[in-house]
Amino acid sequence: MGDNRVGFCESKIQNRGHRLSSLWLLRYFALLLPAAFLSGPAAAQCTVYVPTHKSNTVAVIDTVLDRVIAVIPVQIQPLAVAVTPNGAFAYVTNSGWIFGSDSVSVIDTASNTVVTTIPVGRFPVGVAITPNGAFAYVANFNSNDVSVIDTATNTIAATVATGTGPWGLAITPNGAFAYVTNLNSNDVSVVNTATNTVVAKVPVGNGPVAVAITPNGAFAYVTNESSDNVSVISTATNTVVATVQW
């Protein structure tokens, strides 16, 4: 499965309840660990934020010099990172694994320090931020829900029940909907971000993990790990219009 990176620029332009056993979940870690990067003109520093879940830290890498320039302690076993559109903050999910961190660390990218830690649901995995930067959506695998964080106050604005085992999520370019993959119920929950309610549930293949939405917002592509295929969802009808075999 391909790299799942989220990017943002130093110039502040973004490029962007079944509890599984520990051994079974390790199969999916390679699908996570997205990195957030700052890049700009040739003379500007490009910086990548990489969660290192075994070290309970986020590594900050200068991609011009290809070296680590900072290591930021977070909570237990971080899995994913998303960055606000203005590049000011990075939101990091702390899965907690068997130790129960169950939180999101907010990193100030100017100082590379954690400015707050937000309690969320159990085993937070995927995270995505709305295009206007107002909210961060966090998929909580063992809570079967999504925590909605108000980025202005860094508090929970809503909790949205999903299918079983929400893992990955993506938000449409217009910010109207969040698509959440439910790994254990083999479907995708479509969340209306204005009301924070599930407006559709789309059956897909077995073990949906990652999801990405086309730049025009017309389609959502869902990788189904156990089916070895990709479901293509029309966002206009919220139905699967194609299945692509690997």
# chains A, B, ... in the order shown; residues from 1 in each chain; ligands from 1
$ residues_around --residues "range 230-246 of chain A" --least-positions-apart "4" --cutoff "10 Å" --atoms "only C-alpha atoms" --output "ChimeraX atom specification"
/A:1,172,177,179,188-190,199-205,208,210-214,217-225
$ write_last_selection --atoms "C-alpha atoms" --output "PDB file, in the first residue's frame"
ATOM      1  CA  MET A   1       0.000   0.000   0.000  1.00  0.00           C
ATOM      2  CA  THR A 172     -13.696  16.323   1.280  1.00  0.00           C
ATOM      3  CA  PHE A 177     -18.005  15.505   4.782  1.00  0.00           C
ATOM      4  CA  TYR A 179     -15.212   9.627   5.211  1.00  0.00           C
ATOM      5  CA  VAL A 188     -17.333   3.568   5.436  1.00  0.00           C
ATOM      6  CA  SER A 189     -19.230   6.064   7.564  1.00  0.00           C
ATOM      7  CA  VAL A 190     -19.957   9.407   5.907  1.00  0.00           C
ATOM      8  CA  VAL A 199     -25.554  10.548   6.860  1.00  0.00           C
ATOM      9  CA  ALA A 200     -24.569   7.374   5.019  1.00  0.00           C
ATOM     10  CA  LYS A 201     -22.832   4.061   5.554  1.00  0.00           C
ATOM     11  CA  VAL A 202     -21.224   2.551   2.446  1.00  0.00           C
ATOM     12  CA  PRO A 203     -20.410  -1.196   2.327  1.00  0.00           C
ATOM     13  CA  VAL A 204     -16.944  -1.798   0.876  1.00  0.00           C
ATOM     14  CA  GLY A 205     -14.472  -4.693   0.859  1.00  0.00           C
ATOM     15  CA  PRO A 208     -11.009  -1.127   4.925  1.00  0.00           C
ATOM     16  CA  ALA A 210      -7.016   3.905   4.378  1.00  0.00           C
ATOM     17  CA  VAL A 211      -9.114   6.407   2.425  1.00  0.00           C
ATOM     18  CA  ALA A 212      -8.241   9.302   0.125  1.00  0.00           C
ATOM     19  CA  ILE A 213     -10.459  11.738  -1.741  1.00  0.00           C
ATOM     20  CA  THR A 214      -9.807  13.122  -5.215  1.00  0.00           C
ATOM     21  CA  GLY A 217     -14.075  15.798  -4.261  1.00  0.00           C
ATOM     22  CA  ALA A 218     -15.926  13.507  -6.651  1.00  0.00           C
ATOM     23  CA  PHE A 219     -14.587  10.169  -5.435  1.00  0.00           C
ATOM     24  CA  ALA A 220     -13.255   8.490  -2.299  1.00  0.00           C
ATOM     25  CA  TYR A 221     -10.772   5.641  -2.755  1.00  0.00           C
ATOM     26  CA  VAL A 222     -10.741   3.028   0.028  1.00  0.00           C
ATOM     27  CA  THR A 223      -8.066   0.356   0.431  1.00  0.00           C
ATOM     28  CA  ASN A 224      -9.466  -2.978   1.640  1.00  0.00           C
ATOM     29  CA  GLU A 225      -6.600  -4.888   3.225  1.00  0.00           C
TER      30      GLU A 225
END
$ residues_around --residues "Leu183 in chain A" --least-positions-apart "6" --cutoff "7 Å" --atoms "only C-alpha atoms" --output "VMD selection string"
chain A and resid 164 to 167 207 to 209
$ write_last_selection --atoms "C-alpha atoms" --output "PDB file, in the first residue's frame"
ATOM      1  CA  THR A 164     -16.914  -0.993  14.205  1.00  0.00           C
ATOM      2  CA  GLY A 165     -13.213  -0.264  14.370  1.00  0.00           C
ATOM      3  CA  PRO A 166     -12.827   3.163  12.709  1.00  0.00           C
ATOM      4  CA  TRP A 167      -9.272   3.427  11.442  1.00  0.00           C
ATOM      5  CA  GLY A 207     -10.796  -4.702   6.224  1.00  0.00           C
ATOM      6  CA  PRO A 208     -11.009  -1.127   4.925  1.00  0.00           C
ATOM      7  CA  VAL A 209      -8.061   0.806   6.277  1.00  0.00           C
TER       8      VAL A 209
END
$ closest_residue --among "A:Val106, A:Ala70, A:Ala161, A:Ala59" --to "Asn182 in chain A" --atoms "only C-alpha atoms"
A:Ala161
$ atom_distance --atom1 "CA of Val60 in chain A" --atom2 "CA of Thr113 in chain A"
11.0 Å
$ closest_residue --among "A:Ile129, A:Val198, A:Ala134, A:Ala110" --to "Thr153 in chain A" --atoms "only C-alpha atoms"
A:Ala134
$ residues_around --residues "Thr109 in chain A" --least-positions-apart "2" --cutoff "7 Å" --atoms "only C-alpha atoms" --output "list in words"
Ala88, Phe89, Ala90, Ile107, Ser111 and Asn112 of chain A
